Structure formats: C-alpha cells, structure tokens
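Source file: structure-v7.cif. Holds: mmCIF, C-alpha atoms and all ligand atoms.
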data_input
loop_
_atom_site.group_PDB
_atom_site.id
_atom_site.type_symbol
_atom_site.label_atom_id
_atom_site.label_comp_id
_atom_site.auth_asym_id
_atom_site.auth_seq_id
_atom_site.Cartn_x
_atom_site.Cartn_y
_atom_site.Cartn_z
ATOM 1 C CA MET A 1 15.382 8.996 12.693
ATOM 2 C CA LYS A 2 12.222 7.016 13.264
ATOM 3 C CA VAL A 3 10.396 5.640 10.211
ATOM 4 C CA LEU A 4 6.709 4.688 10.262
ATOM 5 C CA VAL A 5 5.495 2.153 7.721
ATOM 6 C CA PRO A 6 1.730 1.601 7.419
ATOM 7 C CA VAL A 7 1.077 -1.934 6.093
ATOM 8 C CA LYS A 8 -2.269 -3.173 4.828
ATOM 9 C CA ARG A 9 -3.553 -6.759 4.817
ATOM 10 C CA VAL A 10 -5.124 -7.513 1.450
ATOM 11 C CA VAL A 11 -6.058 -10.507 -0.706
ATOM 12 C CA ASP A 12 -2.802 -12.159 -1.825
ATOM 13 C CA ALA A 13 -1.723 -10.744 -5.196
ATOM 14 C CA ASN A 14 -1.555 -14.291 -6.648
ATOM 15 C CA VAL A 15 -5.190 -15.106 -5.834
ATOM 16 C CA LYS A 16 -7.765 -14.712 -8.581
ATOM 17 C CA VAL A 17 -10.477 -12.692 -6.857
ATOM 18 C CA ARG A 18 -14.105 -13.755 -7.322
ATOM 19 C CA VAL A 19 -17.026 -11.363 -7.203
ATOM 20 C CA LYS A 20 -19.783 -12.295 -4.724
ATOM 21 C CA ALA A 21 -22.951 -13.615 -6.359
ATOM 22 C CA ASP A 22 -24.963 -10.567 -5.191
ATOM 23 C CA GLY A 23 -22.348 -8.102 -6.542
ATOM 24 C CA SER A 24 -21.830 -6.569 -3.087
ATOM 25 C CA GLY A 25 -18.062 -7.051 -3.180
ATOM 26 C CA VAL A 26 -15.440 -9.762 -3.606
ATOM 27 C CA GLU A 27 -15.310 -13.128 -1.871
ATOM 28 C CA LEU A 28 -13.031 -12.970 1.197
ATOM 29 C CA ALA A 29 -14.039 -16.199 2.979
ATOM 30 C CA ASN A 30 -11.165 -18.731 2.968
ATOM 31 C CA VAL A 31 -9.096 -16.543 0.648
ATOM 32 C CA LYS A 32 -5.325 -16.290 1.192
ATOM 33 C CA MET A 33 -4.401 -12.842 2.524
ATOM 34 C CA ALA A 34 -0.976 -11.187 2.532
ATOM 35 C CA MET A 35 0.775 -7.853 2.970
ATOM 36 C CA ASN A 36 -0.053 -5.393 0.171
ATOM 37 C CA PRO A 37 2.918 -5.647 -2.261
ATOM 38 C CA PHE A 38 3.609 -1.885 -2.223
ATOM 39 C CA CYS A 39 3.713 -2.003 1.595
ATOM 40 C CA GLU A 40 6.328 -4.784 1.390
ATOM 41 C CA ILE A 41 8.403 -2.420 -0.750
ATOM 42 C CA ALA A 42 7.913 0.306 1.889
ATOM 43 C CA VAL A 43 9.084 -2.023 4.694
ATOM 44 C CA GLU A 44 12.103 -3.088 2.614
ATOM 45 C CA GLU A 45 13.066 0.541 1.975
ATOM 46 C CA ALA A 46 12.809 1.391 5.673
ATOM 47 C CA ILE A 47 15.044 -1.589 6.503
ATOM 48 C CA ARG A 48 17.608 -0.457 3.913
ATOM 49 C CA LEU A 49 17.606 3.010 5.520
ATOM 50 C CA LYS A 50 18.260 1.347 8.863
ATOM 51 C CA GLU A 51 21.060 -0.764 7.390
ATOM 52 C CA LYS A 52 22.660 2.436 6.053
ATOM 53 C CA GLY A 53 22.495 3.932 9.554
ATOM 54 C CA ILE A 54 19.939 6.576 8.518
ATOM 55 C CA ALA A 55 16.892 5.111 10.280
ATOM 56 C CA GLU A 56 17.117 4.104 13.924
ATOM 57 C CA GLU A 57 13.720 2.557 14.476
ATOM 58 C CA ILE A 58 11.044 1.173 12.157
ATOM 59 C CA VAL A 59 7.449 1.017 13.353
ATOM 60 C CA ALA A 60 4.963 -1.023 11.280
ATOM 61 C CA ILE A 61 1.334 0.043 11.641
ATOM 62 C CA SER A 62 -1.846 -1.635 10.464
ATOM 63 C CA VAL A 63 -5.488 -0.637 10.800
ATOM 64 C CA GLY A 64 -7.722 -3.683 10.623
ATOM 65 C CA SER A 65 -8.927 -6.879 12.287
ATOM 66 C CA ALA A 66 -6.882 -8.991 14.707
ATOM 67 C CA GLN A 67 -5.467 -10.804 11.638
ATOM 68 C CA ALA A 68 -3.856 -7.543 10.507
ATOM 69 C CA GLY A 69 -1.528 -8.335 13.436
ATOM 70 C CA GLU A 70 -0.112 -11.146 11.237
ATOM 71 C CA THR A 71 0.749 -8.583 8.578
ATOM 72 C CA ILE A 72 2.583 -6.531 11.205
ATOM 73 C CA ARG A 73 4.399 -9.747 12.260
ATOM 74 C CA THR A 74 5.535 -10.202 8.656
ATOM 75 C CA ALA A 75 6.976 -6.667 8.702
ATOM 76 C CA LEU A 76 8.694 -7.450 12.039
ATOM 77 C CA ALA A 77 10.137 -10.661 10.558
ATOM 78 C CA MET A 78 11.493 -8.679 7.609
ATOM 79 C CA GLY A 79 13.240 -6.289 10.034
ATOM 80 C CA ALA A 80 10.838 -3.721 11.532
ATOM 81 C CA ASP A 81 11.368 -3.120 15.263
ATOM 82 C CA ARG A 82 7.860 -2.857 16.682
ATOM 83 C CA GLY A 83 4.251 -2.670 15.621
ATOM 84 C CA ILE A 84 1.044 -0.765 16.285
ATOM 85 C CA LEU A 85 -2.233 -2.522 15.504
ATOM 86 C CA VAL A 86 -5.264 -0.233 15.398
ATOM 87 C CA LYS A 87 -7.876 -2.895 15.860
ATOM 88 C CA THR A 88 -11.343 -2.770 14.371
ATOM 89 C CA ASP A 89 -13.831 -5.237 12.954
ATOM 90 C CA ALA A 90 -15.234 -2.660 10.536
ATOM 91 C CA PRO A 91 -15.636 -4.452 7.176
ATOM 92 C CA VAL A 92 -14.576 -1.397 5.149
ATOM 93 C CA ILE A 93 -11.934 1.104 6.247
ATOM 94 C CA GLU A 94 -11.649 3.996 3.836
ATOM 95 C CA PRO A 95 -8.362 5.839 3.130
ATOM 96 C CA LEU A 96 -9.564 9.022 4.882
ATOM 97 C CA ALA A 97 -10.186 7.121 8.128
ATOM 98 C CA VAL A 98 -6.764 5.434 7.886
ATOM 99 C CA ALA A 99 -5.102 8.803 7.182
ATOM 100 C CA LYS A 100 -6.791 10.373 10.251
ATOM 101 C CA ILE A 101 -5.630 7.491 12.458
ATOM 102 C CA LEU A 102 -2.109 7.737 11.018
ATOM 103 C CA LYS A 103 -2.139 11.476 11.774
ATOM 104 C CA GLY A 104 -2.752 10.642 15.456
ATOM 105 C CA ILE A 105 0.080 8.109 15.429
ATOM 106 C CA VAL A 106 2.449 10.530 13.668
ATOM 107 C CA GLU A 107 1.713 13.190 16.296
ATOM 108 C CA ALA A 108 2.471 10.715 19.086
ATOM 109 C CA GLU A 109 5.539 9.086 17.488
ATOM 110 C CA GLN A 110 7.150 12.123 15.778
ATOM 111 C CA PRO A 111 8.849 10.166 12.950
ATOM 112 C CA GLY A 112 11.231 11.699 10.417
ATOM 113 C CA LEU A 113 9.647 9.795 7.568
ATOM 114 C CA VAL A 114 6.440 7.892 6.826
ATOM 115 C CA ILE A 115 6.743 5.418 3.931
ATOM 116 C CA LEU A 116 3.467 4.054 2.574
ATOM 117 C CA GLY A 117 2.592 1.934 -0.437
ATOM 118 C CA LYS A 118 1.507 3.973 -3.438
ATOM 119 C CA GLN A 119 -1.716 2.002 -3.501
ATOM 120 C CA ALA A 120 -3.481 -0.891 -1.867
ATOM 121 C CA ILE A 121 -4.262 -3.588 -4.426
ATOM 122 C CA ASP A 122 -7.738 -4.196 -2.979
ATOM 123 C CA ASP A 123 -9.325 -0.718 -3.092
ATOM 124 C CA ASP A 124 -6.786 0.691 -5.621
ATOM 125 C CA ALA A 125 -7.483 4.073 -3.989
ATOM 126 C CA SER A 126 -3.963 5.552 -3.962
ATOM 127 C CA GLN A 127 -5.139 8.176 -1.480
ATOM 128 C CA THR A 128 -3.906 7.414 2.029
ATOM 129 C CA GLY A 129 -0.403 8.937 1.756
ATOM 130 C CA GLN A 130 -1.705 12.033 -0.001
ATOM 131 C CA MET A 131 -4.480 12.537 2.565
ATOM 132 C CA LEU A 132 -2.051 12.053 5.457
ATOM 133 C CA SER A 133 0.263 14.651 3.955
ATOM 134 C CA ALA A 134 -2.615 17.133 3.670
ATOM 135 C CA LEU A 135 -3.844 16.415 7.211
ATOM 136 C CA ILE A 136 -0.469 16.956 8.878
ATOM 137 C CA GLY A 137 0.873 19.550 6.452
ATOM 138 C CA TRP A 138 4.084 17.655 5.635
ATOM 139 C CA PRO A 139 5.686 17.545 2.179
ATOM 140 C CA GLN A 140 4.999 14.444 0.126
ATOM 141 C CA ALA A 141 6.595 12.584 -2.778
ATOM 142 C CA THR A 142 4.437 9.879 -4.316
ATOM 143 C CA PHE A 143 5.433 6.886 -6.499
ATOM 144 C CA ALA A 144 9.097 6.915 -5.451
ATOM 145 C CA SER A 145 11.521 4.757 -7.456
ATOM 146 C CA LYS A 146 14.588 5.980 -5.512
ATOM 147 C CA ILE A 147 14.961 7.491 -2.029
ATOM 148 C CA GLU A 148 18.096 9.228 -0.779
ATOM 149 C CA ILE A 149 18.286 10.885 2.633
ATOM 150 C CA ALA A 150 21.005 13.350 3.625
ATOM 151 C CA GLU A 151 21.315 16.472 5.769
ATOM 152 C CA GLY A 152 17.660 16.609 6.786
ATOM 153 C CA LYS A 153 16.417 16.338 3.188
ATOM 154 C CA ALA A 154 14.957 13.515 1.146
ATOM 155 C CA THR A 155 15.772 13.361 -2.562
ATOM 156 C CA ILE A 156 13.114 11.322 -4.289
ATOM 157 C CA THR A 157 13.126 10.082 -7.875
ATOM 158 C CA ARG A 158 9.683 9.507 -9.379
ATOM 159 C CA GLU A 159 8.771 7.780 -12.611
ATOM 160 C CA ILE A 160 6.521 10.015 -14.624
ATOM 161 C CA ASP A 161 5.287 9.958 -18.223
ATOM 162 C CA GLY A 162 8.286 10.475 -20.477
ATOM 163 C CA GLY A 163 11.057 10.358 -17.885
ATOM 164 C CA LEU A 164 12.138 10.759 -14.293
ATOM 165 C CA GLN A 165 11.363 13.607 -11.910
ATOM 166 C CA THR A 166 13.519 14.411 -8.893
ATOM 167 C CA LEU A 167 12.027 16.138 -5.854
ATOM 168 C CA ARG A 168 13.865 17.412 -2.793
ATOM 169 C CA LEU A 169 11.783 17.497 0.393
ATOM 170 C CA SER A 170 12.658 18.714 3.840
ATOM 171 C CA LEU A 171 12.058 16.170 6.570
ATOM 172 C CA PRO A 172 9.762 15.146 8.143
ATOM 173 C CA ALA A 173 7.977 13.967 5.015
ATOM 174 C CA ILE A 174 5.617 11.422 3.482
ATOM 175 C CA VAL A 175 6.766 9.115 0.697
ATOM 176 C CA THR A 176 4.804 6.481 -1.220
ATOM 177 C CA THR A 177 6.550 3.590 -2.972
ATOM 178 C CA ASP A 178 6.456 2.570 -6.623
ATOM 179 C CA LEU A 179 7.101 -0.942 -7.909
ATOM 180 C CA ARG A 180 10.707 -0.424 -9.007
ATOM 181 C CA LEU A 181 11.976 1.097 -5.741
ATOM 182 C CA ASN A 182 13.403 -2.236 -4.546
ATOM 183 C CA GLU A 183 12.840 -5.981 -4.336
ATOM 184 C CA PRO A 184 11.568 -6.893 -0.873
ATOM 185 C CA ARG A 185 13.465 -9.583 0.995
ATOM 186 C CA TYR A 186 11.990 -12.805 2.322
ATOM 187 C CA ALA A 187 12.004 -13.156 6.071
ATOM 188 C CA SER A 188 14.479 -15.834 7.221
ATOM 189 C CA LEU A 189 13.367 -18.505 9.681
ATOM 190 C CA PRO A 190 15.500 -17.105 12.555
ATOM 191 C CA ASN A 191 14.012 -13.649 11.922
ATOM 192 C CA ILE A 192 10.471 -15.087 11.885
ATOM 193 C CA MET A 193 11.216 -16.613 15.306
ATOM 194 C CA LYS A 194 12.740 -13.348 16.582
ATOM 195 C CA ALA A 195 9.719 -11.388 15.342
ATOM 196 C CA LYS A 196 7.468 -13.310 17.730
ATOM 197 C CA LYS A 197 9.122 -11.491 20.624
ATOM 198 C CA LYS A 198 8.913 -7.994 19.131
ATOM 199 C CA PRO A 199 6.190 -5.826 20.711
ATOM 200 C CA ILE A 200 2.886 -4.921 19.017
ATOM 201 C CA ASP A 201 0.877 -2.190 20.745
ATOM 202 C CA GLU A 202 -2.879 -2.404 20.374
ATOM 203 C CA LYS A 203 -5.029 0.699 19.909
ATOM 204 C CA THR A 204 -8.565 1.431 18.729
ATOM 205 C CA PRO A 205 -9.855 4.002 16.210
ATOM 206 C CA GLU A 206 -11.819 5.605 19.091
ATOM 207 C CA GLU A 207 -8.554 6.446 20.873
ATOM 208 C CA PHE A 208 -7.777 8.670 17.878
ATOM 209 C CA GLY A 209 -11.331 10.068 17.781
ATOM 210 C CA VAL A 210 -11.860 8.590 14.314
ATOM 211 C CA ASP A 211 -15.278 7.467 13.117
ATOM 212 C CA LEU A 212 -14.920 4.641 10.585
ATOM 213 C CA THR A 213 -18.422 4.986 9.106
ATOM 214 C CA PRO A 214 -17.882 4.765 5.303
ATOM 215 C CA ARG A 215 -18.415 7.988 3.330
ATOM 216 C CA LEU A 216 -18.703 6.087 0.070
ATOM 217 C CA GLU A 217 -21.306 3.569 -1.002
ATOM 218 C CA ILE A 218 -20.248 0.685 -3.248
ATOM 219 C CA VAL A 219 -23.109 0.456 -5.707
ATOM 220 C CA THR A 220 -22.025 -2.756 -7.404
ATOM 221 C CA THR A 221 -18.981 -4.911 -8.079
ATOM 222 C CA ALA A 222 -18.785 -6.823 -11.362
ATOM 223 C CA GLU A 223 -16.386 -9.097 -13.238
ATOM 224 C CA PRO A 224 -14.778 -7.502 -16.303
ATOM 225 C CA PRO A 225 -16.606 -8.492 -19.523
ATOM 226 C CA GLN A 226 -15.488 -11.816 -21.023
ATOM 227 C CA ARG A 227 -13.006 -11.358 -23.837
ATOM 228 C CA GLN A 228 -14.526 -12.250 -27.229
ATOM 229 C CA ALA A 229 -12.797 -14.878 -29.377
ATOM 230 C CA GLY A 230 -10.718 -13.504 -32.257
ATOM 231 C CA MET A 231 -11.334 -14.258 -35.951
ATOM 232 C CA ARG A 232 -9.232 -14.625 -39.089
ATOM 233 C CA VAL A 233 -9.801 -12.391 -42.083
ATOM 234 C CA ASP A 234 -8.663 -13.179 -45.628
ATOM 235 C CA THR A 235 -7.837 -9.734 -46.943
ATOM 236 C CA VAL A 236 -6.834 -6.295 -45.721
ATOM 237 C CA ALA A 237 -10.010 -4.915 -47.280
ATOM 238 C CA GLU A 238 -12.095 -7.286 -45.152
ATOM 239 C CA LEU A 239 -10.131 -6.228 -42.034
ATOM 240 C CA VAL A 240 -10.748 -2.551 -42.758
ATOM 241 C CA ASP A 241 -14.426 -3.252 -43.411
ATOM 242 C CA LYS A 242 -14.793 -5.086 -40.087
ATOM 243 C CA LEU A 243 -12.929 -2.400 -38.146
ATOM 244 C CA LYS A 244 -15.192 0.218 -39.720
ATOM 245 C CA ASN A 245 -18.555 -1.487 -39.674
ATOM 246 C CA GLU A 246 -18.389 -4.066 -36.880
ATOM 247 C CA ALA A 247 -15.898 -2.742 -34.322
ATOM 248 C CA GLY A 248 -16.656 0.904 -35.124
ATOM 249 C CA VAL A 249 -13.057 1.928 -34.387
ATOM 250 C CA LEU A 250 -12.250 3.516 -37.757
HETATM 251 P P1 LIG A 301 -4.707 3.217 -0.551
HETATM 252 O O1 LIG A 301 -4.753 4.701 -0.400
HETATM 253 O O2 LIG A 301 -5.887 2.511 0.095
HETATM 254 O O3 LIG A 301 -4.524 2.777 -2.002
HETATM 255 O O4 LIG A 301 -3.445 2.683 0.271
HETATM 256 C C1 LIG A 301 -2.151 3.238 0.093
HETATM 257 C C2 LIG A 301 -1.248 2.850 1.252
HETATM 258 O O5 LIG A 301 -1.787 3.368 2.481
HETATM 259 C C3 LIG A 301 -1.052 1.360 1.525
HETATM 260 O O6 LIG A 301 -0.055 0.788 0.691
HETATM 261 C C4 LIG A 301 -0.625 1.395 2.995
HETATM 262 O O7 LIG A 301 0.744 1.771 3.114
HETATM 263 C C5 LIG A 301 -1.506 2.495 3.568
HETATM 264 N N1 LIG A 301 -2.782 1.925 4.092
HETATM 265 C C6 LIG A 301 -4.001 1.940 3.502
HETATM 266 N N2 LIG A 301 -4.913 1.289 4.270
HETATM 267 C C7 LIG A 301 -4.250 0.856 5.367
HETATM 268 C C8 LIG A 301 -4.615 0.127 6.550
HETATM 269 N N3 LIG A 301 -5.869 -0.301 6.760
HETATM 270 N N4 LIG A 301 -3.650 -0.122 7.468
HETATM 271 C C9 LIG A 301 -2.381 0.304 7.270
HETATM 272 N N5 LIG A 301 -1.973 0.986 6.195
HETATM 273 C C10 LIG A 301 -2.880 1.261 5.254
#
Go ahead and express the file in the form of structure tokens.
Amino acid sequence: MKVLVPVKRVVDANVKVRVKADGSGVELANVKMAMNPFCEIAVEEAIRLKEKGIAEEIVAISVGSAQAGETIRTALAMGADRGILVKTDAPVIEPLAVAKILKGIVEAEQPGLVILGKQAIDDDASQTGQMLSALIGWPQATFASKIEIAEGKATITREIDGGLQTLRLSLPAIVTTDLRLNEPRYASLPNIMKAKKKPIDEKTPEEFGVDLTPRLEIVTTAEPPQRQAGMRVDTVAELVDKLKNEAGVL
C-alpha cells in the first residue's frame, strides 16, 4: 500500500509570532520555519506502518515555495521514500486549493491511505483533510489517536468529548492525526545524508488546473489583549462584590 503524507512548512512551534505593524499578518522575515507538528506525527505514523510491513511506499507532498522542499527533505530524512513539491510563490495558499491539488496527486498516485495533520498551526484551519475527502469521495477519520490497518480496513480511534470513538473505514481513506497518536522520531545523521539522494518531483498548481487566488480576505490580525495584573482582596464579601460589579461575571 502506498501512503501519501502532505506536509506543510510553517513558523516553528517554538517561535513567538509577532504581528506586523500594519496588522496585515504575522512577521515571517528571518523567522525559523519547520514542519507543522501534526504533519510530523503523520510522517511518523506512515513510517510505523511501513515498519510493520503494511505500507510499501511513503510519498511526502508539500505545496509552497522552493523552501517547502526542505520540509519534504525532513520527511525523507525521517523515513519517507520520495517527495512531490508543488511549487508556487503565492503568499497565501488556502486549504481548498491544497485539497484540489492533493486530489490531482491522489488520482495520479492511487494511494491506499492519505495521512494529513489535523491542523496547520499557522492558519489553524483544520479543513484540508476534510475537503480532500469530500472532493474525492473517500471515507475520512479526523483527529486519530490510534490507527490500525488490517484486511483492507482502517480502524481509527478518535478522542472526543467524554471518551474515545472507534471508526472502521474501508480503504482507500483519509486520516488526520491528533497530538497523542505518536511521538515523531528525530532524523539520524546517516538518514539526513541518505535523504539528500531521495527524489523530489516538482510540479506546479497549473498542472492540476488549480487557481490559487484566495477566496478569503484577512481583514486584520491582532495580538491577544494584554493580561491584566491580578489583585488581592481581604474578604470573601469583597471578592463577590468585585465579581458582581467590576468583572460582571456573577
Ligand atoms: P489545515 O487544513 O490548513 O489546518 O491543514 C491541515 C493539514 O493539511 C496539514 O497538517 C497538512 O497535512 C495539510 N496541508 C495544509 N496545507 C498544506 C500545504 N501547503 N502543503 C502540504 N500539506 C498541507
């Protein structure tokens, strides 16, 4: 079975993002970028499926600038077999456009499984996997915390409010990863060296007939309000009075 893993290049999760002075977005100049953490979990899961003999080939895909090729390289160093970079200099690539491109790649590659992150930590959209599933008409299981594959079916455990839900899907299918699915490995130095020789195919959005013009307009981006300093109160009565008359929460 072939597994496709779309990986997105985003601002590194450890970087404190700064809003641009004009509120048009966040500062990206000279900011450390990395693979979206949920995509790392997706790559790790695909590798584990390969180690169990369930997956035969893992293809890492990224839609983005030439630097998104580095994110694919990271996936190759972790253990993916080859990459597809859909290259564009478009500053914003919305989930619908990515899903349409992925549809084209799925049709060409015919995988048994596509594992995506549940969400990209830059746009926080949590839409791409769901849109891809709708576009190609395959079953989907989102926010997976356990994946088991046997006899042409995927059994997926999902964390939901108040417990766990188990879904059984027939393959081919779309799965998106939750945080507790696994702990991604670090790429070893020999594997980083080996990854340099693994192939990355380059494509363009036009080859898939996809127009990247944004459908959404970002009106403004703002920092969250500064947290106010706390205060000490002397009595419970004073606390209740403040909650009622100052905070307005009672
Ligand atoms: P989102 O719907 O933007 O929150 O992203 C969810 C998941 O879709 C990510 O974790 C990736 O697996 C995939 N994805 C989104 N954008 C891209 C992109 N530009 N290139 C590759 N994969 C992407």
Contacts with ligand LIG 301 (chain A) at most 8 Å, only C-alpha atoms and all ligand atoms counted, listed as number ranges by chain
A: 5-9, 36-39, 42, 61-64, 93-95, 98-99, 115-130, 176
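Picked by the PyMOL selection byres (((chain A and resi 58) around 8) and not hetatm) from the coordinates shown: A:Lys2, A:Val3, A:Leu4, A:Val5, A:Ala46, A:Ile47, A:Lys50, A:Ala55, A:Glu56, A:Glu57, A:Val59, A:Ala60, A:Ala80, A:Asp81, A:Arg82.
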Selection from above, C-alpha atoms, as a PDB file, in the coordinates of the input, can you write it?
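Output file out-v4.pdb follows:
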ATOM      1  CA  LYS A   2      12.222   7.016  13.264  1.00  0.00           C
ATOM      2  CA  VAL A   3      10.396   5.640  10.211  1.00  0.00           C
ATOM      3  CA  LEU A   4       6.709   4.688  10.262  1.00  0.00           C
ATOM      4  CA  VAL A   5       5.495   2.153   7.721  1.00  0.00           C
ATOM      5  CA  ALA A  46      12.809   1.391   5.673  1.00  0.00           C
ATOM      6  CA  ILE A  47      15.044  -1.589   6.503  1.00  0.00           C
ATOM      7  CA  LYS A  50      18.260   1.347   8.863  1.00  0.00           C
ATOM      8  CA  ALA A  55      16.892   5.111  10.280  1.00  0.00           C
ATOM      9  CA  GLU A  56      17.117   4.104  13.924  1.00  0.00           C
ATOM     10  CA  GLU A  57      13.720   2.557  14.476  1.00  0.00           C
ATOM     11  CA  VAL A  59       7.449   1.017  13.353  1.00  0.00           C
ATOM     12  CA  ALA A  60       4.963  -1.023  11.280  1.00  0.00           C
ATOM     13  CA  ALA A  80      10.838  -3.721  11.532  1.00  0.00           C
ATOM     14  CA  ASP A  81      11.368  -3.120  15.263  1.00  0.00           C
ATOM     15  CA  ARG A  82       7.860  -2.857  16.682  1.00  0.00           C
TER      16      ARG A  82
END
Translate the PyMOL selection byres (((chain A and resi 25) around 10) and not hetatm) into a concrete residue list for this structure, as a tab-separated table (two decimals) with C-alpha atoms, keeping the file's coordinate frame.
chain	number	residue	atom	x	y	z
A	18	ARG	CA	-14.10	-13.76	-7.32
A	19	VAL	CA	-17.03	-11.36	-7.20
A	20	LYS	CA	-19.78	-12.30	-4.72
A	21	ALA	CA	-22.95	-13.62	-6.36
A	22	ASP	CA	-24.96	-10.57	-5.19
A	23	GLY	CA	-22.35	-8.10	-6.54
A	24	SER	CA	-21.83	-6.57	-3.09
A	26	VAL	CA	-15.44	-9.76	-3.61
A	27	GLU	CA	-15.31	-13.13	-1.87
A	28	LEU	CA	-13.03	-12.97	1.20
A	218	ILE	CA	-20.25	0.68	-3.25
A	219	VAL	CA	-23.11	0.46	-5.71
A	220	THR	CA	-22.02	-2.76	-7.40
A	221	THR	CA	-18.98	-4.91	-8.08
A	222	ALA	CA	-18.78	-6.82	-11.36
So, with all atoms listed in the file as the atoms that count, which of A:Met131, A:Val86, A:Ala229, A:Leu171 lies closest to A:Gly69?
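Closest candidate: A:Val86.
Relative to atom CA of A:Lys103, atom CA of A:Pro214 is found at 18.3 Å.
For the atom pair formed by atom CA of A:Gly112 and atom CA of A:Leu164, the distance is 24.7 Å, given to one decimal.
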Could you tell me how far atom CA of A:Asp178 sits from atom CA of A:Ile160, in Å to one decimal place?
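Value for the atom CA of A:Ile160-atom CA of A:Asp178 distance: 10.9 Å.
Residues with any atom within 8 Å of A:Pro172, counting only C-alpha atoms and excluding same-chain neighbours fewer than 2 positions away, are Pro111, Gly112, Leu113, Trp138, Pro139, Ser170 and Ile174 of chain A.
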Go ahead and write the selection's residues with C-alpha atoms as a compact mmCIF listing (two decimals), in the coordinates of the input.
# COMPACT_ATOMS: atom_id res chain seq x y z
CA PRO A 111 8.85 10.17 12.95
CA GLY A 112 11.23 11.70 10.42
CA LEU A 113 9.65 9.80 7.57
CA TRP A 138 4.08 17.66 5.64
CA PRO A 139 5.69 17.55 2.18
CA SER A 170 12.66 18.71 3.84
CA ILE A 174 5.62 11.42 3.48
Find the spatial neighbours of stretch 194-206 of chain A, counting all atoms listed in the file, within a cut-off of 7 Å - ignore same-chain residues fewer than 4 positions away - and output them as a ChimeraX atom specification.
/A:73,76-77,81-88,101,190,210
Take the residues from that selection and write them out as an mmCIF file, in the coordinates of the input, keeping C-alpha atoms.
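Result file selection-v4.cif:
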data_model
loop_
_atom_site.group_PDB
_atom_site.id
_atom_site.type_symbol
_atom_site.label_atom_id
_atom_site.label_comp_id
_atom_site.auth_asym_id
_atom_site.auth_seq_id
_atom_site.Cartn_x
_atom_site.Cartn_y
_atom_site.Cartn_z
ATOM 1 C CA ARG A 73 4.399 -9.747 12.260
ATOM 2 C CA LEU A 76 8.694 -7.450 12.039
ATOM 3 C CA ALA A 77 10.137 -10.661 10.558
ATOM 4 C CA ASP A 81 11.368 -3.120 15.263
ATOM 5 C CA ARG A 82 7.860 -2.857 16.682
ATOM 6 C CA GLY A 83 4.251 -2.670 15.621
ATOM 7 C CA ILE A 84 1.044 -0.765 16.285
ATOM 8 C CA LEU A 85 -2.233 -2.522 15.504
ATOM 9 C CA VAL A 86 -5.264 -0.233 15.398
ATOM 10 C CA LYS A 87 -7.876 -2.895 15.860
ATOM 11 C CA THR A 88 -11.343 -2.770 14.371
ATOM 12 C CA ILE A 101 -5.630 7.491 12.458
ATOM 13 C CA PRO A 190 15.500 -17.105 12.555
ATOM 14 C CA VAL A 210 -11.860 8.590 14.314
#
Go through A:Thr74, A:Pro184, A:Arg48, A:Gly209 one by one, measure the shortest atom-to-atom distance of each to A:Leu102 using only C-alpha atoms, and give the residue with the smallest value.
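Smallest separation from A:Leu102 among the options: A:Gly209.
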Applied to this file, what does the PyMOL selection byres (((chain A and resi 169) around 9) and not hetatm) return in terms of residues, put as a list of chain:residue names?
A:Pro139, A:Gln140, A:Ala141, A:Gly152, A:Lys153, A:Ala154, A:Thr155, A:Ile156, A:Leu167, A:Arg168, A:Ser170, A:Leu171, A:Pro172, A:Ala173
Please determine, counting all atoms listed in the file, which residue among A:Thr177, A:Gln110, A:Asn14, A:Asn191 has the shortest atom-to-atom distance to A:Val43.
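Between A:Thr177, A:Gln110, A:Asn14, A:Asn191, the residue approaching A:Val43 most closely is A:Thr177.
Candidate residues A:Val249, A:Val17, A:Ala108, A:Leu49 were compared for distance to A:Ile149, and the nearest is A:Leu49, using only C-alpha atoms.
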With N, CA and C atoms as the goal, would you fill in the gaps in stretch 19-30 of chain A and present it as a short mmCIF file (atom, residue, chain, number, x, y, z; two decimals), in the coordinates of the input?
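Output file part.cif is given in full below:
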data_model
loop_
_atom_site.label_atom_id
_atom_site.label_comp_id
_atom_site.auth_asym_id
_atom_site.auth_seq_id
_atom_site.Cartn_x
_atom_site.Cartn_y
_atom_site.Cartn_z
N VAL A 19 -15.99 -12.31 -7.63
CA VAL A 19 -17.03 -11.36 -7.20
C VAL A 19 -18.14 -12.16 -6.52
N LYS A 20 -18.68 -11.62 -5.43
CA LYS A 20 -19.78 -12.30 -4.72
C LYS A 20 -21.00 -12.36 -5.64
N ALA A 21 -21.80 -13.40 -5.47
CA ALA A 21 -22.95 -13.62 -6.36
C ALA A 21 -23.88 -12.39 -6.38
N ASP A 22 -24.02 -11.70 -5.23
CA ASP A 22 -24.96 -10.57 -5.19
C ASP A 22 -24.29 -9.25 -5.62
N GLY A 23 -23.03 -9.30 -6.04
CA GLY A 23 -22.35 -8.10 -6.54
C GLY A 23 -21.99 -7.10 -5.45
N SER A 24 -22.09 -7.53 -4.17
CA SER A 24 -21.83 -6.57 -3.09
C SER A 24 -20.34 -6.39 -2.78
N GLY A 25 -19.50 -7.17 -3.43
CA GLY A 25 -18.06 -7.05 -3.18
C GLY A 25 -17.37 -8.30 -3.68
N VAL A 26 -16.14 -8.55 -3.18
CA VAL A 26 -15.44 -9.76 -3.61
C VAL A 26 -15.43 -10.77 -2.46
N GLU A 27 -15.30 -12.02 -2.82
CA GLU A 27 -15.31 -13.13 -1.87
C GLU A 27 -14.05 -13.07 -1.00
N LEU A 28 -14.22 -13.00 0.33
CA LEU A 28 -13.03 -12.97 1.20
C LEU A 28 -12.93 -14.21 2.09
N ALA A 29 -14.04 -15.02 2.10
CA ALA A 29 -14.04 -16.20 2.98
C ALA A 29 -13.04 -17.22 2.44
N ASN A 30 -12.17 -17.71 3.32
CA ASN A 30 -11.16 -18.73 2.97
C ASN A 30 -10.23 -18.31 1.84
#
